[in-house]
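Novice: Shown below is the structure under consideration.
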Number of protein chains: 2
Amino acid sequence: MEINCKVLNKTEYIILRSLSASSKTYWDLLLESFDTAANTIAVIKKLLQENVINYDGKYFNLTEEGKKILKSVLKKEYVDVRCKECGGKGINSNAFQDLANQFKEVIKDRPAAIPEFDQGVVNLETVINRIAFMYHKGDLENKDIVLIGDDDLTSIALSLSNLPNKVVVLEADERLVNYINQKARDLNLKNLEAIVYNVEWKVEKDLLNSFDVFLTDPVETVQGITLFISRGCSMLKEKGVLYFGLTHIEASYSKWYKIHRNLYEMGFVITDILDKFQLYELNPDDIVSKGYRVFTEAGVKLSKPEKPWYNSAFHRLELVEKAKPLFDPNQTYKLERDLYYDEEAYVTLY
Amino acid sequence: MEINCKVLNKTEYIILRSLSASSKTYWDLLLESFDTAANTIAVIKKLLQENVINYDGKYFNLTEEGKKILKSVLKKEYVDVRCKECGGKGINSNAFQDLANQFKEVIKDRPAAIPEFDQGVVNLETVINRIAFMYHKGDLENKDIVLIGDDDLTSIALSLSNLPNKVVVLEADERLVNYINQKARDLNLKNLEAIVYNVEWKVEKDLLNSFDVFLTDPVETVQGITLFISRGCSMLKEKGVLYFGLTHIEASYSKWYKIHRNLYEMGFVITDILDKFQLYELNPDDIVSKGYRVFTEAGVKLSKPEKPWYNSAFHRLELVEKAKPLFDPNQTYKLERDLYYDEEAYVTLY
């Protein structure tokens with residue numbers, strides 16, 4: 001048998017995962033696939049030929065052989081996370097509720113965010129919604145995932161889900177690196193590792209071209225975000241996937257335009273943008289006391305925020321060209337103030 | 001009073017619309033806005049100064065003056081269409097159910113689609129979901145909207161919603177042009193007009209730079225889609241908005257990449273991509289009889305599709321740069337076969 005989880009391509013995985021839940025017509029499979037008709041048809045033919053699936057004249061099903069393979073491929077029974085209420089237009093993370101509860105418990109003793117490091121964490125719901133969406137897109141199960149910056153501790157939730165093959169965190173804040181590695185030891189999360197890394201540093205050789213998915217929630221200057229994503233870009237394998245957040249609050253569409261153009265320069269195509277998908281839990285006391293422009297320039301006397309308000313559009317991209325990071329992975333750069341701060345920065349300190 | 005629906009900018013509209021439904025804190029308004037903190041704050045200051053809104057130390061509200069203005073601005077009471085079930089991650093079109101029923105009734109006698117013209121219509125739910133999403137984004141109420149190609153008859157639903165200021169359809173199929181204009185007369189839809197136009201023709205002077213929103217569901221060759229969008233691009237005002245659909249079935253991510261790069265060349269930025277948002281009602285008899293490659297190359301004996309399967313990712317873009325259509329609006333082009341057909345075309349005839 002040539003097929004196992006290591007060699008399955010994305011479309012094979014999407015089709016087999018879908019068939020693991022129920023029989024599907026040819027037309028159903030075309031609806032599920034994120035690939036061209038030509039490629040989807042080629043995959044169906046291959047799976048039929050290798051006796052992984054069969055066809056009864058109307059429906060495709062897994063064969064006994066196929067079911068065996070799926071047992072090693074699927075770390076959890078496949079669940080469709082598309083929201084039933086709005087006809088699949090949104091993602092419903094109910095299927096990950098147990099994970100949410102477990103994650104909440106595990107990170108109770110998390111280190112406080114340091115706003116001076118531009119740390120501002122997404123809330124628990126967003127961590128889980130991210131995971132549900134990445135799962136829906138086929139970017140989680142059996143994947144090697146790298147994060148640059150992880151004050152959200154999404155890496156711990158990813159690892160607790162038991163879905164990824166490997167989760168590596170590159171983080172500048174040593175407290176977080178130690179915290180994540182301690183949790184990995186305490187909870188016996190063998191696939192989770194954090195390493196001290198500053199995004200200005202060159203990329204270690206053994207990290208280059210070795211991940212399927214790169215997740216980051218970077219600073220919002222054009223230079224800064226281009227540096228973050230260049231680093232991740234150099235670590236991605238062919239057809240690697242990038243997830244990141246971009247706000248309206250600190251980034252006009254003119255800035256989005258410049259950032260997106262850089263992403264296309266690097267060989268990425270945008271596949272999904274979910275506006276306001278990510279919500280943040282910024283410390284209300286910090287917001288009113290640290291001198292953020294969003295507070296000082298409001299022009300009216302403000303109460304502390306009582307619920308999440310800082311938000312970002314969750315972006316998903318795929319490498320379609322050879323990765324061309326705009327910052328050379330073999331070089332160290334010093335951006336300093338330019339890394340964090342520009343004239344649109346209203347919730348950023350320097 | 002300087003403020004009326006003609007001069008409201010997008011952010012003023014979004015804020016006032018939101019306040020028409022309930023009081024909002026400063027933080028709530030930052031969460032609602034699609035603009036930078038700097039711009040949102042400037043709008044709040046202006047609206048306070050012009051006595052359109054007031055502030056009680058915690059909440060912003062419309063003044064009596066503001067309520068009067070909103071009466072002329074809002075064609076219908078503001079409804080939040082974000083799905084409650086999945087935490088606002090999807091769009092729920094329930095608020096437009098009456099429109100859906102009315103639209104269904106009105107178009108009962110629609111002309112049959114002609115697959116040879118690459119006509120393939122989205123289903124009723126998709127027409128209404130499109131409208132709900134465009135409404136959510138602030139791209140419907142009081143807007144001048146142009147469509148190139150409208151076999152879906154979305155223009156009729158748009159006009160029936162009473163929200164847009166003007167709806168103009170440019171359509172190559174004279175049957176559809178006559179049908180839409182007849183409905184406009186029968187139903188007294190004064191803001192709806194259809195004109196015979198082939199996308200290869202140059203653009204009439206009076207259509208240039210005169211629309212807020214351009215909606216199209218174009219052919220999927222790089223050349224063809226670039227021509228369609230160039231035409232619409234030349235008709236958009238500054239900061240104009242583009243909506244279109246792009247499939248996986250007939251367009252690989254490599255093709256998306258080429259198309260998207262052309263869009264950035266023209267001065268657009270992608271603001272939202274909702275994958276598989278649009279579902280189509282292709283005639284099942286045509287699918288099995290017309291010789292589409294999706295049928296002939298399936299490799300197995302197929303039943304007719306029994307539910308929608310052809311789908312596309314709904315794209316929203318905004319002009320951030322001066323519009324730079326890649327095809328000159330003052331020129332007529334002949335693309336012929338290249339307009340419709342490439343090696344990924346599996347549900348397209350030529």
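Ordering of the structure tokens sets the chain letters (A, B, ...); residue numbers start at 1 within each chain; ligands are numbered from 1 in the order shown.
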Near Leu335 of chain B, counting only C-alpha atoms, which residues have an atom at most 12 Å away, once you skip same-chain residues fewer than 5 positions from it, shown as number ranges by chain?

Specialist: B: 198-201, 221-228, 327, 340-341

Novice: Can you tell me, as a PyMOL selection string, what residues are no more than 7 Å from segment 274-290 of chain B when counting only C-alpha atoms, ignoring any on the same chain fewer than 4 positions away?

Specialist: (chain A and resi 89+272-273) or (chain B and resi 120-123+126+295+304-305+308-315)

Novice: Near Met235 of chain B, within 7 Å and counting only C-alpha atoms, which residues show up once chain neighbours fewer than 3 positions away are dropped, as a count of residues only?

Specialist: 7

Novice: Using only C-alpha atoms, can you tell me which of A:Lys183, A:Lys137, A:Lys237, A:Lys75 comes closest to chain B?

Specialist: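 Result for the nearest residue to chain B: A:Lys137.
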
Novice: Contacts of Glu125 of chain B at 12 Å or less, counting only C-alpha atoms, minus same-chain residues fewer than 5 places along, as a PyMOL selection string?

Specialist: (chain A and resi 86-87+89) or (chain B and resi 91-94+96-97+99-101+103-104+130-132+152+154+157+277-281+308)

Novice: Create the file for the chosen residues now, containing C-alpha atoms and written as a tab-separated table (two decimals), in the first residue's frame.

Specialist:
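File result.tsv, as written:
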```tsv
chain	number	residue	atom	x	y	z
A	86	CYS	CA	-25.94	30.17	8.58
A	87	GLY	CA	-25.61	27.52	5.89
A	89	LYS	CA	-20.96	30.55	5.92
B	91	ILE	CA	-23.66	35.86	7.68
B	92	ASN	CA	-27.28	34.94	8.36
B	93	SER	CA	-29.70	36.22	5.75
B	94	ASN	CA	-32.88	35.63	7.79
B	96	PHE	CA	-33.93	39.27	4.14
B	97	GLN	CA	-36.42	36.39	4.12
B	99	LEU	CA	-37.08	39.80	0.04
B	100	ALA	CA	-36.19	36.19	-0.78
B	101	ASN	CA	-39.86	35.23	-1.05
B	103	PHE	CA	-37.73	37.72	-5.45
B	104	LYS	CA	-38.60	34.05	-5.95
B	130	ARG	CA	-24.72	38.14	-1.33
B	131	ILE	CA	-27.14	40.94	-0.50
B	132	ALA	CA	-26.86	40.29	3.25
B	152	ASP	CA	-28.56	35.47	-11.77
B	154	THR	CA	-29.30	39.73	-8.67
B	157	ALA	CA	-33.28	41.43	-5.93
B	277	PHE	CA	-19.95	31.24	-0.23
B	278	GLN	CA	-21.64	31.04	-3.65
B	279	LEU	CA	-23.54	27.94	-4.79
B	280	TYR	CA	-24.86	27.50	-8.33
B	281	GLU	CA	-27.91	25.90	-9.88
B	308	PRO	CA	-25.79	22.39	-5.87
```

Novice: Once you count only C-alpha atoms, which residues of chain A turn out to be within 7 Å of chain B? Could you give them as a count of residues only?

Specialist: 46

Novice: Measuring between only C-alpha atoms, which one of B:Ile148, B:Met134, B:Ala95, B:Ile107 shows the shortest distance to Tyr78 of chain B?

Specialist: B:Ala95

Novice: Measure the distance from atom CA of Ser22 of chain B to atom CA of Leu160 of chain B in Å and round it to one decimal.

Specialist: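 These two atoms are separated by 26.8 Å.
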
Novice: Taking 3 positions as the minimum chain separation for residues in the same chain, which residues sit within 12 Å of Leu8 of chain B when counting only C-alpha atoms? Answer as a VMD selection string.

Specialist: chain B and resid 2 to 5 11 to 17 43 46 to 47 69 to 70 72 to 74 138 141 to 143

Novice: So the first atom is atom CA of Leu326 of chain B and the second is atom CA of Leu349 of chain B; what is the distance between them in Å, to one decimal place?

Specialist: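 We find that atom CA of Leu326 of chain B and atom CA of Leu349 of chain B lie 25.9 Å from each other.
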
Novice: Identify which of the residues B:Leu339, B:Leu62, B:Met266, B:Ala184 lies closest to Pro218 of chain B, counting only C-alpha atoms when measuring atom-to-atom distances.

Specialist: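 Using only C-alpha atoms, Pro218 of chain B sits closest to B:Leu339.
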
Novice: Atom CA of Asp173 of chain B and atom CA of Thr296 of chain B are how many Å apart?

Specialist: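 Atom CA of Asp173 of chain B sits 27.8 Å away from atom CA of Thr296 of chain B.
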
Novice: Nearest to Asp212 of chain B: which of B:Ile195, B:Ile156, B:Leu140, B:Val52 is it, counting only C-alpha atoms?

Specialist: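 The closest residue to Asp212 of chain B is B:Leu140.
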